[in-house]
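Remarks on the structure that follows.
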Amino acid sequence: MIKARADKDLKIQFGLSMFNILIVAWNVYFILLHDSPLFLLYFFAPAVAIILYLDTMIVLDLMKHDYLTMQARLIKKGYRKITVEDSEGKTRKLGIRDNFVREFKGGERLEIQFYRRTKMVISISKIYKDLGDRYE
């Protein structure tokens, strides 16, 4: 079983998004201070809303440790993403570090633990036993 660094990655993402909010707040402050056109604020309002939503999802995953365990077949590997097919035939895209993906091949059966909201992989391991036509 390979343990991914999902907690650390989520903490880094949270820190970077908080830094991004500080930059936006700084820009809003200067727009209001220097009597700039207020329509510029309309560009920053959606950005703040999106960043706060993503921060909420990250914090909920970090605080609740709310994760799912699933057995699936690896379909495709990409840059920091894997695509898997679960036993019901649904495909899911999950986030993972590249160095953890290299040892797996397409079509292999895997057991994956991942966070419910951010879909960051916590751990991943191969399933060696034969589970028949459909895997559970």
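Residue numbering restarts at 1 in every chain; chains get A, B, ... in the order shown in the structure tokens, and ligands count up from 1 in that same order.
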
Selection near A:Met57, 12 Å with only C-alpha atoms, sequence-local residues under 2 positions removed, as a count of residues only: 25

Nearby residues (only C-alpha atoms) at most 12 Å from A:Ile124, same-chain spacing under 6 positions excluded, as a count of residues only: 30

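Note that atom CA of A:Ile23 and atom CA of A:Pro37 are 18.5 Å apart.
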
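Using only C-alpha atoms, the nearest neighbour of A:Gly106 within the list A:Leu16, A:Ile75, A:Ile58, A:Leu32 is A:Ile75.
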
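Closest to A:Arg92 among A:Ile21, A:Lys105, A:Phe39, A:Val121 is A:Val121, based on only C-alpha atoms.
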
List every residue of stretch 2-102 of chain A that DSSP, applied to the backbone, labels as strand (DSSP E or B), and write the result as a VMD selection string. chain A and resid 2 to 3 67 to 78 81 to 86 91 to 95

Dump of N, CA and C atoms for the selected residues, as a PDB file, in the first residue's frame:
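Below you can see selection34.pdb, which holds the result:
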ATOM      1  N   ILE A   2       0.546   2.158  -0.829  1.00  0.00           N
ATOM      2  CA  ILE A   2       1.282   3.406  -0.928  1.00  0.00           C
ATOM      3  C   ILE A   2       0.455   4.489  -0.247  1.00  0.00           C
ATOM      4  N   LYS A   3       1.059   5.165   0.707  1.00  0.00           N
ATOM      5  CA  LYS A   3       0.400   6.284   1.380  1.00  0.00           C
ATOM      6  C   LYS A   3       0.783   7.567   0.653  1.00  0.00           C
ATOM      7  N   TYR A  67     -13.359  10.146   4.309  1.00  0.00           N
ATOM      8  CA  TYR A  67     -12.838   9.559   3.089  1.00  0.00           C
ATOM      9  C   TYR A  67     -13.652   8.332   2.682  1.00  0.00           C
ATOM     10  N   LEU A  68     -13.505   7.975   1.429  1.00  0.00           N
ATOM     11  CA  LEU A  68     -14.162   6.800   0.863  1.00  0.00           C
ATOM     12  C   LEU A  68     -13.104   5.779   0.478  1.00  0.00           C
ATOM     13  N   THR A  69     -13.458   4.504   0.570  1.00  0.00           N
ATOM     14  CA  THR A  69     -12.596   3.432   0.091  1.00  0.00           C
ATOM     15  C   THR A  69     -13.323   2.750  -1.052  1.00  0.00           C
ATOM     16  N   MET A  70     -12.609   2.540  -2.143  1.00  0.00           N
ATOM     17  CA  MET A  70     -13.246   1.979  -3.325  1.00  0.00           C
ATOM     18  C   MET A  70     -12.273   1.041  -4.019  1.00  0.00           C
ATOM     19  N   GLN A  71     -12.826  -0.004  -4.594  1.00  0.00           N
ATOM     20  CA  GLN A  71     -12.049  -0.889  -5.448  1.00  0.00           C
ATOM     21  C   GLN A  71     -12.414  -0.555  -6.882  1.00  0.00           C
ATOM     22  N   ALA A  72     -11.395  -0.344  -7.693  1.00  0.00           N
ATOM     23  CA  ALA A  72     -11.638   0.120  -9.056  1.00  0.00           C
ATOM     24  C   ALA A  72     -10.544  -0.371  -9.985  1.00  0.00           C
ATOM     25  N   ARG A  73     -10.777  -0.176 -11.257  1.00  0.00           N
ATOM     26  CA  ARG A  73      -9.811  -0.533 -12.292  1.00  0.00           C
ATOM     27  C   ARG A  73      -9.229   0.764 -12.852  1.00  0.00           C
ATOM     28  N   LEU A  74      -7.899   0.810 -12.958  1.00  0.00           N
ATOM     29  CA  LEU A  74      -7.223   1.988 -13.483  1.00  0.00           C
ATOM     30  C   LEU A  74      -7.435   2.058 -14.992  1.00  0.00           C
ATOM     31  N   ILE A  75      -7.957   3.176 -15.443  1.00  0.00           N
ATOM     32  CA  ILE A  75      -8.204   3.364 -16.868  1.00  0.00           C
ATOM     33  C   ILE A  75      -7.104   4.200 -17.507  1.00  0.00           C
ATOM     34  N   LYS A  76      -6.794   5.337 -16.888  1.00  0.00           N
ATOM     35  CA  LYS A  76      -5.871   6.276 -17.510  1.00  0.00           C
ATOM     36  C   LYS A  76      -5.067   7.000 -16.444  1.00  0.00           C
ATOM     37  N   LYS A  77      -3.802   7.242 -16.741  1.00  0.00           N
ATOM     38  CA  LYS A  77      -2.947   8.034 -15.873  1.00  0.00           C
ATOM     39  C   LYS A  77      -2.648   9.349 -16.573  1.00  0.00           C
ATOM     40  N   GLY A  78      -2.720  10.415 -15.815  1.00  0.00           N
ATOM     41  CA  GLY A  78      -2.400  11.720 -16.371  1.00  0.00           C
ATOM     42  C   GLY A  78      -1.531  12.485 -15.402  1.00  0.00           C
ATOM     43  N   LYS A  81      -3.386  13.254 -12.011  1.00  0.00           N
ATOM     44  CA  LYS A  81      -4.758  12.738 -12.040  1.00  0.00           C
ATOM     45  C   LYS A  81      -4.739  11.296 -12.500  1.00  0.00           C
ATOM     46  N   ILE A  82      -5.635  10.498 -11.942  1.00  0.00           N
ATOM     47  CA  ILE A  82      -5.878   9.160 -12.467  1.00  0.00           C
ATOM     48  C   ILE A  82      -7.370   9.038 -12.743  1.00  0.00           C
ATOM     49  N   THR A  83      -7.707   8.273 -13.745  1.00  0.00           N
ATOM     50  CA  THR A  83      -9.099   7.985 -14.051  1.00  0.00           C
ATOM     51  C   THR A  83      -9.322   6.514 -13.775  1.00  0.00           C
ATOM     52  N   VAL A  84     -10.324   6.213 -12.939  1.00  0.00           N
ATOM     53  CA  VAL A  84     -10.620   4.838 -12.570  1.00  0.00           C
ATOM     54  C   VAL A  84     -12.085   4.546 -12.843  1.00  0.00           C
ATOM     55  N   GLU A  85     -12.367   3.256 -13.002  1.00  0.00           N
ATOM     56  CA  GLU A  85     -13.748   2.806 -13.192  1.00  0.00           C
ATOM     57  C   GLU A  85     -14.108   1.936 -12.003  1.00  0.00           C
ATOM     58  N   ASP A  86     -15.187   2.290 -11.305  1.00  0.00           N
ATOM     59  CA  ASP A  86     -15.589   1.509 -10.137  1.00  0.00           C
ATOM     60  C   ASP A  86     -16.429   0.312 -10.556  1.00  0.00           C
ATOM     61  N   THR A  91     -16.963   6.228 -14.032  1.00  0.00           N
ATOM     62  CA  THR A  91     -15.570   6.658 -14.041  1.00  0.00           C
ATOM     63  C   THR A  91     -15.414   7.854 -13.115  1.00  0.00           C
ATOM     64  N   ARG A  92     -14.268   7.892 -12.438  1.00  0.00           N
ATOM     65  CA  ARG A  92     -13.963   8.988 -11.525  1.00  0.00           C
ATOM     66  C   ARG A  92     -12.550   9.471 -11.801  1.00  0.00           C
ATOM     67  N   LYS A  93     -12.363  10.773 -11.654  1.00  0.00           N
ATOM     68  CA  LYS A  93     -11.024  11.351 -11.754  1.00  0.00           C
ATOM     69  C   LYS A  93     -10.580  11.717 -10.348  1.00  0.00           C
ATOM     70  N   LEU A  94      -9.405  11.239  -9.968  1.00  0.00           N
ATOM     71  CA  LEU A  94      -8.888  11.475  -8.634  1.00  0.00           C
ATOM     72  C   LEU A  94      -7.525  12.139  -8.725  1.00  0.00           C
ATOM     73  N   GLY A  95      -7.229  13.004  -7.757  1.00  0.00           N
ATOM     74  CA  GLY A  95      -5.945  13.690  -7.724  1.00  0.00           C
ATOM     75  C   GLY A  95      -4.907  12.885  -6.957  1.00  0.00           C
TER      76      GLY A  95
END

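The interatomic distance for the pair atom CA of A:Ile12 and atom CA of A:Ala47 works out to 19.0 Å.
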
Could you pull out the residues in chain A that DSSP calls alpha helix (DSSP H) from the backbone, as a PyMOL selection string? chain A and resi 6-33+41-64+98-101

Take the selection from the previous step and output its residues with C-alpha atoms, as a PDB file, in the first residue's frame.
ATOM      1  CA  ALA A   6      -2.834  14.081   0.665  1.00  0.00           C
ATOM      2  CA  ASP A   7      -2.948  15.909   4.014  1.00  0.00           C
ATOM      3  CA  LYS A   8       0.215  17.833   3.267  1.00  0.00           C
ATOM      4  CA  ASP A   9      -0.922  18.633  -0.273  1.00  0.00           C
ATOM      5  CA  LEU A  10      -4.284  19.898   0.978  1.00  0.00           C
ATOM      6  CA  LYS A  11      -2.591  22.065   3.602  1.00  0.00           C
ATOM      7  CA  ILE A  12      -0.328  23.552   0.924  1.00  0.00           C
ATOM      8  CA  GLN A  13      -3.326  24.231  -1.337  1.00  0.00           C
ATOM      9  CA  PHE A  14      -5.161  25.857   1.567  1.00  0.00           C
ATOM     10  CA  GLY A  15      -2.177  28.078   2.360  1.00  0.00           C
ATOM     11  CA  LEU A  16      -1.800  29.144  -1.264  1.00  0.00           C
ATOM     12  CA  SER A  17      -5.482  29.962  -1.585  1.00  0.00           C
ATOM     13  CA  MET A  18      -5.367  32.037   1.617  1.00  0.00           C
ATOM     14  CA  PHE A  19      -2.394  33.892   0.133  1.00  0.00           C
ATOM     15  CA  ASN A  20      -4.490  34.444  -2.997  1.00  0.00           C
ATOM     16  CA  ILE A  21      -7.303  35.913  -0.874  1.00  0.00           C
ATOM     17  CA  LEU A  22      -4.805  38.305   0.721  1.00  0.00           C
ATOM     18  CA  ILE A  23      -3.700  39.473  -2.729  1.00  0.00           C
ATOM     19  CA  VAL A  24      -7.315  40.050  -3.794  1.00  0.00           C
ATOM     20  CA  ALA A  25      -8.061  41.911  -0.545  1.00  0.00           C
ATOM     21  CA  TRP A  26      -4.992  44.075  -1.127  1.00  0.00           C
ATOM     22  CA  ASN A  27      -6.211  44.904  -4.635  1.00  0.00           C
ATOM     23  CA  VAL A  28      -9.706  45.752  -3.388  1.00  0.00           C
ATOM     24  CA  TYR A  29      -8.206  48.008  -0.720  1.00  0.00           C
ATOM     25  CA  PHE A  30      -6.218  49.950  -3.322  1.00  0.00           C
ATOM     26  CA  ILE A  31      -9.211  50.191  -5.656  1.00  0.00           C
ATOM     27  CA  LEU A  32     -11.274  51.753  -2.879  1.00  0.00           C
ATOM     28  CA  LEU A  33      -8.408  53.903  -1.567  1.00  0.00           C
ATOM     29  CA  LEU A  41     -14.570  45.138  -7.935  1.00  0.00           C
ATOM     30  CA  TYR A  42     -16.861  42.990 -10.084  1.00  0.00           C
ATOM     31  CA  PHE A  43     -13.796  41.127 -11.319  1.00  0.00           C
ATOM     32  CA  PHE A  44     -12.662  40.308  -7.795  1.00  0.00           C
ATOM     33  CA  ALA A  45     -16.001  39.299  -6.229  1.00  0.00           C
ATOM     34  CA  PRO A  46     -16.377  35.990  -8.163  1.00  0.00           C
ATOM     35  CA  ALA A  47     -12.732  35.142  -7.514  1.00  0.00           C
ATOM     36  CA  VAL A  48     -13.181  35.571  -3.774  1.00  0.00           C
ATOM     37  CA  ALA A  49     -16.364  33.490  -3.795  1.00  0.00           C
ATOM     38  CA  ILE A  50     -14.705  30.643  -5.692  1.00  0.00           C
ATOM     39  CA  ILE A  51     -11.600  30.661  -3.499  1.00  0.00           C
ATOM     40  CA  LEU A  52     -13.694  30.670  -0.309  1.00  0.00           C
ATOM     41  CA  TYR A  53     -15.755  27.743  -1.612  1.00  0.00           C
ATOM     42  CA  LEU A  54     -12.618  25.737  -2.395  1.00  0.00           C
ATOM     43  CA  ASP A  55     -11.127  26.613   0.999  1.00  0.00           C
ATOM     44  CA  THR A  56     -14.285  25.375   2.694  1.00  0.00           C
ATOM     45  CA  MET A  57     -14.042  22.028   0.892  1.00  0.00           C
ATOM     46  CA  ILE A  58     -10.366  21.663   1.801  1.00  0.00           C
ATOM     47  CA  VAL A  59     -10.953  22.531   5.462  1.00  0.00           C
ATOM     48  CA  LEU A  60     -13.895  20.119   5.716  1.00  0.00           C
ATOM     49  CA  ASP A  61     -11.777  17.291   4.300  1.00  0.00           C
ATOM     50  CA  LEU A  62      -8.884  18.069   6.627  1.00  0.00           C
ATOM     51  CA  MET A  63     -11.007  18.390   9.756  1.00  0.00           C
ATOM     52  CA  LYS A  64     -13.471  15.544   9.258  1.00  0.00           C
ATOM     53  CA  ASP A  98       2.900  11.648 -10.130  1.00  0.00           C
ATOM     54  CA  ASN A  99       5.508   9.574  -8.326  1.00  0.00           C
ATOM     55  CA  PHE A 100       2.765   7.364  -6.831  1.00  0.00           C
ATOM     56  CA  VAL A 101       1.172   6.652 -10.209  1.00  0.00           C
TER      57      VAL A 101
END
